[in-house]
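Enquirer: This is the content of upload-v5.cif (mmCIF, C-alpha atoms; chains and numbers go by the auth columns):
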```cif
data_protein
loop_
_atom_site.group_PDB
_atom_site.id
_atom_site.type_symbol
_atom_site.label_atom_id
_atom_site.label_comp_id
_atom_site.label_asym_id
_atom_site.label_seq_id
_atom_site.Cartn_x
_atom_site.Cartn_y
_atom_site.Cartn_z
_atom_site.B_iso_or_equiv
_atom_site.auth_seq_id
_atom_site.auth_asym_id
ATOM 1 C CA MET A 1 110.736 77.229 -91.023 0.00 1 O
ATOM 2 C CA ALA A 2 109.821 76.706 -87.353 0.00 2 O
ATOM 3 C CA SER A 3 112.005 74.787 -84.908 0.00 3 O
ATOM 4 C CA ALA A 4 111.216 71.200 -83.884 0.00 4 O
ATOM 5 C CA GLU A 5 110.308 72.460 -80.398 0.00 5 O
ATOM 6 C CA GLN A 6 107.461 74.662 -81.631 0.00 6 O
ATOM 7 C CA LYS A 7 103.977 73.469 -80.695 0.00 7 O
ATOM 8 C CA PRO A 8 102.016 71.566 -83.373 0.00 8 O
ATOM 9 C CA ALA A 9 99.147 73.211 -85.202 0.00 9 O
ATOM 10 C CA PRO A 10 96.051 73.844 -83.068 0.00 10 O
ATOM 11 C CA PRO A 11 93.553 71.013 -82.616 0.00 11 O
ATOM 12 C CA THR A 12 91.151 70.411 -85.472 0.00 12 O
ATOM 13 C CA THR A 13 88.175 71.620 -83.392 0.00 13 O
ATOM 14 C CA LYS A 14 89.437 75.220 -83.760 0.00 14 O
ATOM 15 C CA LEU A 15 89.753 75.031 -87.555 0.00 15 O
ATOM 16 C CA ARG A 16 87.206 75.966 -90.202 0.00 16 O
ATOM 17 C CA ALA A 17 85.564 72.958 -91.868 0.00 17 O
ATOM 18 C CA ASP A 18 87.609 73.251 -95.079 0.00 18 O
ATOM 19 C CA ALA A 19 90.868 73.702 -93.143 0.00 19 O
ATOM 20 C CA ARG A 20 89.991 70.680 -90.982 0.00 20 O
ATOM 21 C CA ARG A 21 89.319 68.579 -94.109 0.00 21 O
ATOM 22 C CA ASN A 22 92.644 69.685 -95.620 0.00 22 O
ATOM 23 C CA ARG A 23 94.487 68.851 -92.406 0.00 23 O
ATOM 24 C CA GLU A 24 92.899 65.385 -92.153 0.00 24 O
ATOM 25 C CA LYS A 25 93.643 64.649 -95.809 0.00 25 O
ATOM 26 C CA LEU A 26 97.285 65.666 -95.313 0.00 26 O
ATOM 27 C CA ILE A 27 97.550 63.359 -92.296 0.00 27 O
ATOM 28 C CA GLU A 28 95.997 60.430 -94.190 0.00 28 O
ATOM 29 C CA VAL A 29 98.224 60.860 -97.239 0.00 29 O
ATOM 30 C CA ALA A 30 101.372 61.406 -95.172 0.00 30 O
ATOM 31 C CA ALA A 31 100.710 58.347 -92.975 0.00 31 O
ATOM 32 C CA VAL A 32 100.531 56.100 -96.037 0.00 32 O
ATOM 33 C CA ALA A 33 103.538 57.763 -97.670 0.00 33 O
ATOM 34 C CA PHE A 34 105.705 57.504 -94.540 0.00 34 O
ATOM 35 C CA ALA A 35 104.769 53.857 -93.952 0.00 35 O
ATOM 36 C CA GLU A 36 105.467 52.928 -97.574 0.00 36 O
ATOM 37 C CA HIS A 37 108.442 55.130 -98.457 0.00 37 O
ATOM 38 C CA GLY A 38 109.863 56.494 -95.212 0.00 38 O
ATOM 39 C CA VAL A 39 109.722 59.876 -93.589 0.00 39 O
ATOM 40 C CA GLU A 40 111.972 61.471 -96.214 0.00 40 O
ATOM 41 C CA THR A 41 109.083 61.326 -98.676 0.00 41 O
ATOM 42 C CA SER A 42 108.738 64.680 -100.408 0.00 42 O
ATOM 43 C CA LEU A 43 106.384 67.025 -98.545 0.00 43 O
ATOM 44 C CA GLU A 44 105.520 68.573 -101.918 0.00 44 O
ATOM 45 C CA ASP A 45 104.350 65.140 -103.129 0.00 45 O
ATOM 46 C CA ILE A 46 102.269 64.701 -99.965 0.00 46 O
ATOM 47 C CA ALA A 47 100.638 68.103 -100.458 0.00 47 O
ATOM 48 C CA ARG A 48 99.968 67.364 -104.142 0.00 48 O
ATOM 49 C CA LYS A 49 98.413 63.947 -103.385 0.00 49 O
ATOM 50 C CA ALA A 50 96.279 65.565 -100.672 0.00 50 O
ATOM 51 C CA GLY A 51 95.055 68.117 -103.220 0.00 51 O
ATOM 52 C CA VAL A 52 96.513 71.166 -101.452 0.00 52 O
ATOM 53 C CA GLY A 53 99.450 73.497 -101.908 0.00 53 O
ATOM 54 C CA ILE A 54 102.704 73.201 -99.976 0.00 54 O
ATOM 55 C CA GLY A 55 101.827 76.426 -98.132 0.00 55 O
ATOM 56 C CA THR A 56 98.723 74.742 -96.720 0.00 56 O
ATOM 57 C CA LEU A 57 100.843 71.838 -95.495 0.00 57 O
ATOM 58 C CA TYR A 58 103.273 74.204 -93.740 0.00 58 O
ATOM 59 C CA ARG A 59 100.418 76.201 -92.164 0.00 59 O
ATOM 60 C CA HIS A 60 99.213 73.022 -90.472 0.00 60 O
ATOM 61 C CA PHE A 61 102.628 71.425 -89.895 0.00 61 O
ATOM 62 C CA PRO A 62 105.503 73.938 -89.673 0.00 62 O
ATOM 63 C CA THR A 63 108.119 71.144 -89.739 0.00 63 O
ATOM 64 C CA ARG A 64 108.314 67.559 -90.899 0.00 64 O
ATOM 65 C CA GLU A 65 108.593 66.515 -87.239 0.00 65 O
ATOM 66 C CA HIS A 66 105.229 68.144 -86.446 0.00 66 O
ATOM 67 C CA LEU A 67 103.599 66.066 -89.159 0.00 67 O
ATOM 68 C CA VAL A 68 105.367 62.932 -87.911 0.00 68 O
ATOM 69 C CA GLU A 69 104.227 63.593 -84.326 0.00 69 O
ATOM 70 C CA VAL A 70 100.584 64.010 -85.349 0.00 70 O
ATOM 71 C CA ILE A 71 100.684 60.804 -87.401 0.00 71 O
ATOM 72 C CA TYR A 72 102.423 58.922 -84.612 0.00 72 O
ATOM 73 C CA ARG A 73 99.804 60.073 -82.086 0.00 73 O
ATOM 74 C CA ARG A 74 96.996 59.102 -84.481 0.00 74 O
ATOM 75 C CA GLU A 75 98.453 55.612 -84.972 0.00 75 O
ATOM 76 C CA LEU A 76 98.857 55.252 -81.213 0.00 76 O
ATOM 77 C CA GLU A 77 95.276 56.346 -80.478 0.00 77 O
ATOM 78 C CA SER A 78 93.932 54.040 -83.172 0.00 78 O
ATOM 79 C CA LEU A 79 95.843 51.056 -81.802 0.00 79 O
ATOM 80 C CA ALA A 80 94.740 51.728 -78.219 0.00 80 O
ATOM 81 C CA ALA A 81 91.087 52.186 -79.270 0.00 81 O
ATOM 82 C CA ALA A 82 91.222 48.979 -81.317 0.00 82 O
ATOM 83 C CA ALA A 83 91.717 46.927 -78.148 0.00 83 O
ATOM 84 C CA THR A 84 88.313 47.994 -76.821 0.00 84 O
ATOM 85 C CA GLU A 85 86.569 47.625 -80.184 0.00 85 O
ATOM 86 C CA LEU A 86 88.014 44.169 -80.816 0.00 86 O
ATOM 87 C CA ALA A 87 87.210 42.955 -77.297 0.00 87 O
ATOM 88 C CA GLN A 88 83.558 43.908 -77.842 0.00 88 O
ATOM 89 C CA SER A 89 83.197 42.213 -81.217 0.00 89 O
ATOM 90 C CA HIS A 90 85.419 39.086 -81.096 0.00 90 O
ATOM 91 C CA ALA A 91 86.199 36.090 -78.934 0.00 91 O
ATOM 92 C CA PRO A 92 89.020 36.985 -76.503 0.00 92 O
ATOM 93 C CA ASP A 93 91.808 35.066 -78.278 0.00 93 O
ATOM 94 C CA VAL A 94 90.676 36.317 -81.696 0.00 94 O
ATOM 95 C CA ALA A 95 90.610 39.915 -80.387 0.00 95 O
ATOM 96 C CA LEU A 96 94.138 39.477 -79.041 0.00 96 O
ATOM 97 C CA GLU A 97 95.460 38.060 -82.320 0.00 97 O
ATOM 98 C CA GLU A 98 93.772 40.749 -84.417 0.00 98 O
ATOM 99 C CA TRP A 99 95.176 43.457 -82.131 0.00 99 O
ATOM 100 C CA MET A 100 98.670 42.006 -82.550 0.00 100 O
ATOM 101 C CA ARG A 101 98.193 42.133 -86.327 0.00 101 O
ATOM 102 C CA ARG A 102 97.225 45.795 -86.028 0.00 102 O
ATOM 103 C CA PHE A 103 100.358 46.283 -83.930 0.00 103 O
ATOM 104 C CA VAL A 104 102.275 45.313 -87.090 0.00 104 O
ATOM 105 C CA GLY A 105 100.628 48.280 -88.862 0.00 105 O
ATOM 106 C CA TYR A 106 101.662 50.523 -85.980 0.00 106 O
ATOM 107 C CA ILE A 107 105.227 49.218 -86.260 0.00 107 O
ATOM 108 C CA ALA A 108 105.182 49.805 -90.032 0.00 108 O
ATOM 109 C CA ALA A 109 104.260 53.448 -89.427 0.00 109 O
ATOM 110 C CA LYS A 110 107.043 53.792 -86.838 0.00 110 O
ATOM 111 C CA ARG A 111 109.621 52.212 -89.162 0.00 111 O
ATOM 112 C CA GLY A 112 108.839 54.727 -91.867 0.00 112 O
ATOM 113 C CA MET A 113 109.211 57.612 -89.401 0.00 113 O
ATOM 114 C CA ALA A 114 112.247 56.326 -87.477 0.00 114 O
ATOM 115 C CA ASN A 115 114.609 59.249 -88.142 0.00 115 O
ATOM 116 C CA SER A 116 112.065 61.914 -87.248 0.00 116 O
ATOM 117 C CA LEU A 117 110.928 59.951 -84.200 0.00 117 O
ATOM 118 C CA LYS A 118 114.526 60.005 -82.951 0.00 118 O
ATOM 119 C CA ILE A 119 114.497 63.814 -83.213 0.00 119 O
ATOM 120 C CA LEU A 120 111.149 63.934 -81.389 0.00 120 O
ATOM 121 C CA MET A 121 112.465 61.633 -78.676 0.00 121 O
ATOM 122 C CA GLY A 122 115.063 64.269 -77.836 0.00 122 O
ATOM 123 C CA THR A 123 112.514 67.084 -77.630 0.00 123 O
ATOM 124 C CA ASN A 124 109.364 65.299 -76.416 0.00 124 O
ATOM 125 C CA SER A 125 110.235 62.219 -74.365 0.00 125 O
ATOM 126 C CA SER A 126 106.796 62.297 -72.663 0.00 126 O
ATOM 127 C CA LEU A 127 105.266 61.347 -76.023 0.00 127 O
ATOM 128 C CA PHE A 128 107.080 58.005 -75.912 0.00 128 O
ATOM 129 C CA ALA A 129 106.402 57.346 -72.232 0.00 129 O
ATOM 130 C CA GLU A 130 102.715 58.021 -72.916 0.00 130 O
ATOM 131 C CA SER A 131 102.712 55.734 -75.951 0.00 131 O
ATOM 132 C CA PHE A 132 104.298 52.830 -74.095 0.00 132 O
ATOM 133 C CA GLY A 133 101.820 53.212 -71.231 0.00 133 O
ATOM 134 C CA ARG A 134 98.796 53.245 -73.535 0.00 134 O
ATOM 135 C CA ILE A 135 99.999 50.302 -75.613 0.00 135 O
ATOM 136 C CA ARG A 136 100.842 48.262 -72.515 0.00 136 O
ATOM 137 C CA SER A 137 97.470 49.005 -70.884 0.00 137 O
ATOM 138 C CA ALA A 138 95.510 48.025 -74.012 0.00 138 O
ATOM 139 C CA PHE A 139 97.561 44.856 -74.439 0.00 139 O
ATOM 140 C CA GLU A 140 97.281 43.843 -70.768 0.00 140 O
ATOM 141 C CA GLY A 141 93.494 44.171 -70.955 0.00 141 O
ATOM 142 C CA LEU A 142 93.310 41.848 -73.960 0.00 142 O
ATOM 143 C CA LEU A 143 95.689 39.330 -72.374 0.00 143 O
ATOM 144 C CA LYS A 144 93.756 39.302 -69.099 0.00 144 O
ATOM 145 C CA THR A 145 90.396 38.837 -70.827 0.00 145 O
ATOM 146 C CA ALA A 146 91.731 35.972 -72.969 0.00 146 O
ATOM 147 C CA GLY A 147 93.443 34.398 -69.948 0.00 147 O
ATOM 148 C CA ASP A 148 90.296 34.667 -67.824 0.00 148 O
ATOM 149 C CA ALA A 149 88.288 33.090 -70.658 0.00 149 O
ATOM 150 C CA GLY A 150 90.726 30.169 -70.743 0.00 150 O
ATOM 151 C CA THR A 151 91.606 30.699 -74.413 0.00 151 O
ATOM 152 C CA ILE A 152 95.262 31.536 -73.715 0.00 152 O
ATOM 153 C CA ARG A 153 97.687 30.512 -71.003 0.00 153 O
ATOM 154 C CA LYS A 154 97.521 32.570 -67.819 0.00 154 O
ATOM 155 C CA ASP A 155 101.284 32.509 -67.164 0.00 155 O
ATOM 156 C CA ILE A 156 102.098 35.036 -69.896 0.00 156 O
ATOM 157 C CA ASP A 157 104.220 38.019 -68.910 0.00 157 O
ATOM 158 C CA THR A 158 103.066 41.164 -70.723 0.00 158 O
ATOM 159 C CA THR A 159 106.586 42.601 -70.945 0.00 159 O
ATOM 160 C CA ASP A 160 107.986 39.409 -72.503 0.00 160 O
ATOM 161 C CA LEU A 161 105.251 39.307 -75.108 0.00 161 O
ATOM 162 C CA LEU A 162 105.611 43.025 -75.905 0.00 162 O
ATOM 163 C CA HIS A 163 109.353 42.464 -76.430 0.00 163 O
ATOM 164 C CA ALA A 164 108.587 39.577 -78.775 0.00 164 O
ATOM 165 C CA LEU A 165 106.139 41.746 -80.721 0.00 165 O
ATOM 166 C CA SER A 166 108.502 44.710 -80.772 0.00 166 O
ATOM 167 C CA SER A 167 111.261 42.548 -82.241 0.00 167 O
ATOM 168 C CA ILE A 168 109.278 42.677 -85.481 0.00 168 O
ATOM 169 C CA TYR A 169 110.538 46.269 -85.759 0.00 169 O
ATOM 170 C CA SER A 170 114.128 45.050 -86.206 0.00 170 O
ATOM 171 C CA MET A 171 113.367 42.593 -89.015 0.00 171 O
ATOM 172 C CA PRO A 172 114.958 43.522 -92.375 0.00 172 O
ATOM 173 C CA ASP A 173 112.801 45.887 -94.418 0.00 173 O
ATOM 174 C CA THR A 174 112.090 43.569 -97.342 0.00 174 O
ATOM 175 C CA PRO A 175 109.013 43.275 -99.574 0.00 175 O
ATOM 176 C CA GLU A 176 107.798 40.274 -97.557 0.00 176 O
ATOM 177 C CA TRP A 177 108.262 42.042 -94.198 0.00 177 O
ATOM 178 C CA ARG A 178 104.546 42.373 -93.470 0.00 178 O
ATOM 179 C CA ASP A 179 103.733 38.767 -94.462 0.00 179 O
ATOM 180 C CA ARG A 180 106.620 37.488 -92.333 0.00 180 O
ATOM 181 C CA SER A 181 105.402 39.634 -89.417 0.00 181 O
ATOM 182 C CA HIS A 182 101.926 38.116 -89.623 0.00 182 O
ATOM 183 C CA ARG A 183 103.411 34.606 -89.716 0.00 183 O
ATOM 184 C CA LEU A 184 105.354 35.424 -86.545 0.00 184 O
ATOM 185 C CA ILE A 185 102.146 36.572 -84.862 0.00 185 O
ATOM 186 C CA GLY A 186 100.588 33.234 -85.818 0.00 186 O
ATOM 187 C CA LEU A 187 103.522 31.455 -84.150 0.00 187 O
ATOM 188 C CA LEU A 188 103.166 33.609 -81.026 0.00 188 O
ATOM 189 C CA MET A 189 99.452 32.826 -80.843 0.00 189 O
ATOM 190 C CA ASP A 190 100.168 29.094 -81.189 0.00 190 O
ATOM 191 C CA GLY A 191 102.405 29.386 -78.130 0.00 191 O
ATOM 192 C CA LEU A 192 99.867 31.490 -76.210 0.00 192 O
ATOM 193 C CA ARG A 193 96.790 29.317 -76.703 0.00 193 O
ATOM 194 C CA ALA A 194 95.769 27.192 -73.756 0.00 194 O
ATOM 195 C CA LYS A 195 96.206 23.452 -74.296 0.00 195 O
ATOM 196 C CA LYS A 196 92.933 21.550 -74.233 0.00 196 O
#
```
Take the structure in the file and write it out as structure tokens.
Expert:
Amino acid sequence: MASAEQKPAPPTTKLRADARRNREKLIEVAAVAFAEHGVETSLEDIARKAGVGIGTLYRHFPTREHLVEVIYRRELESLAAAATELAQSHAPDVALEEWMRRFVGYIAAKRGMANSLKILMGTNSSLFAESFGRIRSAFEGLLKTAGDAGTIRKDIDTTDLLHALSSIYSMPDTPEWRDRSHRLIGLLMDGLRAKK
């Protein structure tokens, strides 16, 4: 098996259509499996649920960490893109709240991949610097728009609020974790909304 420092599989644009479909299906299945059962989920089970053989999985992702990195990047890109999409289709405070709820999904994916992400942090620290920058930028844009619209207070510090959101990560991993996380977001939004 390849080392954790080896480059991930080539971008999907260089793959044949069937190989690209297989790769995307593996990513989808693995993302759900890691979020629900942790990163130690059997790769054989992931391949089987994706409808491919284990050899196909290893051709695309030589190590578990490669698969984790691709999923992590996908979650990050999805969360960053959601800020723009939500801002275009919702009132500013609603867009902010919905984005924070999606942040819970991002955290759920990270929780399930925690051990492999620690390995990646040692070999690819730029991945985490990039992720923090993208998340912060998306979040700041939503906060500024909502503040300018007068729907939330303007004295909110982005770093403080990101720390509050990130604390969800350290909550005990219980069956009601996601519901509790959404309740906490509701409490945060109550504190953020401008008094009328």
Enquirer: Check which residues satisfy the PyMOL selection byres ((chain O and resi 167-178) around 8) in the file shown, then give them as a list in words.
Expert: Val104, Ile107, Ala108, Arg111, His163, Ala164, Leu165, Ser166, Asp179, Arg180, Ser181 and His182 of chain O
Enquirer: Using all atoms listed in the file, determine which residues lie at most 12 Å from range 74-80 of chain O, disregarding the query and same-chain residues fewer than 6 positions distant; provide the list as an mmCIF file with C-alpha atoms, keeping the file's coordinate frame.
Expert:
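What landed in selection_5.cif:
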```
data_model
loop_
_atom_site.group_PDB
_atom_site.id
_atom_site.type_symbol
_atom_site.label_atom_id
_atom_site.label_comp_id
_atom_site.auth_asym_id
_atom_site.auth_seq_id
_atom_site.Cartn_x
_atom_site.Cartn_y
_atom_site.Cartn_z
ATOM 1 C CA GLU O 24 92.899 65.385 -92.153
ATOM 2 C CA ILE O 27 97.550 63.359 -92.296
ATOM 3 C CA GLU O 28 95.997 60.430 -94.190
ATOM 4 C CA ALA O 30 101.372 61.406 -95.172
ATOM 5 C CA ALA O 31 100.710 58.347 -92.975
ATOM 6 C CA VAL O 32 100.531 56.100 -96.037
ATOM 7 C CA ALA O 35 104.769 53.857 -93.952
ATOM 8 C CA LEU O 67 103.599 66.066 -89.159
ATOM 9 C CA VAL O 68 105.367 62.932 -87.911
ATOM 10 C CA LEU O 86 88.014 44.169 -80.816
ATOM 11 C CA ALA O 87 87.210 42.955 -77.297
ATOM 12 C CA GLU O 98 93.772 40.749 -84.417
ATOM 13 C CA TRP O 99 95.176 43.457 -82.131
ATOM 14 C CA MET O 100 98.670 42.006 -82.550
ATOM 15 C CA ARG O 101 98.193 42.133 -86.327
ATOM 16 C CA ARG O 102 97.225 45.795 -86.028
ATOM 17 C CA PHE O 103 100.358 46.283 -83.930
ATOM 18 C CA VAL O 104 102.275 45.313 -87.090
ATOM 19 C CA GLY O 105 100.628 48.280 -88.862
ATOM 20 C CA TYR O 106 101.662 50.523 -85.980
ATOM 21 C CA ILE O 107 105.227 49.218 -86.260
ATOM 22 C CA ALA O 108 105.182 49.805 -90.032
ATOM 23 C CA ALA O 109 104.260 53.448 -89.427
ATOM 24 C CA LYS O 110 107.043 53.792 -86.838
ATOM 25 C CA MET O 113 109.211 57.612 -89.401
ATOM 26 C CA LEU O 127 105.266 61.347 -76.023
ATOM 27 C CA PHE O 128 107.080 58.005 -75.912
ATOM 28 C CA ALA O 129 106.402 57.346 -72.232
ATOM 29 C CA GLU O 130 102.715 58.021 -72.916
ATOM 30 C CA SER O 131 102.712 55.734 -75.951
ATOM 31 C CA PHE O 132 104.298 52.830 -74.095
ATOM 32 C CA GLY O 133 101.820 53.212 -71.231
ATOM 33 C CA ARG O 134 98.796 53.245 -73.535
ATOM 34 C CA ILE O 135 99.999 50.302 -75.613
ATOM 35 C CA ARG O 136 100.842 48.262 -72.515
ATOM 36 C CA SER O 137 97.470 49.005 -70.884
ATOM 37 C CA ALA O 138 95.510 48.025 -74.012
ATOM 38 C CA PHE O 139 97.561 44.856 -74.439
ATOM 39 C CA GLU O 140 97.281 43.843 -70.768
ATOM 40 C CA GLY O 141 93.494 44.171 -70.955
ATOM 41 C CA LEU O 142 93.310 41.848 -73.960
#
```
Enquirer: Nearest to Phe34 in chain O: which of O:His90, O:Arg64, O:Lys144, O:Arg48 is it, counting all atoms listed in the file?
Expert: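 Smallest separation from Phe34 in chain O among the options: O:Arg64.
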Enquirer: On this structure, the PyMOL selection byres ((chain O and resi 145) around 10) would catch which residues? List them as a list in words, sorted by chain and number.
Expert: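 Checking the PyMOL selection byres ((chain O and resi 145) around 10) against this file, the residues are Ala87, Ala91, Pro92, Asp93, Ala95, Leu96, Glu140, Gly141, Leu142, Leu143, Lys144, Ala146, Gly147, Asp148, Ala149, Gly150, Thr151, Ile152 and Lys154 of chain O.
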Enquirer: Measure the distance from CA of Val70 in chain O to CA of Ser89 in chain O in Å and round it to one decimal.
Expert: 28.2 Å
Enquirer: In Å, with one decimal, what is the gap from CA of Thr159 in chain O to CA of Ala81 in chain O?
Expert: 20.0 Å
Enquirer: Rounded to one decimal, what separation in Å do you get between CA of Val39 in chain O and CA of Arg21 in chain O?
Expert: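 Straight-line distance from CA of Val39 in chain O to CA of Arg21 in chain O works out to 22.2 Å.
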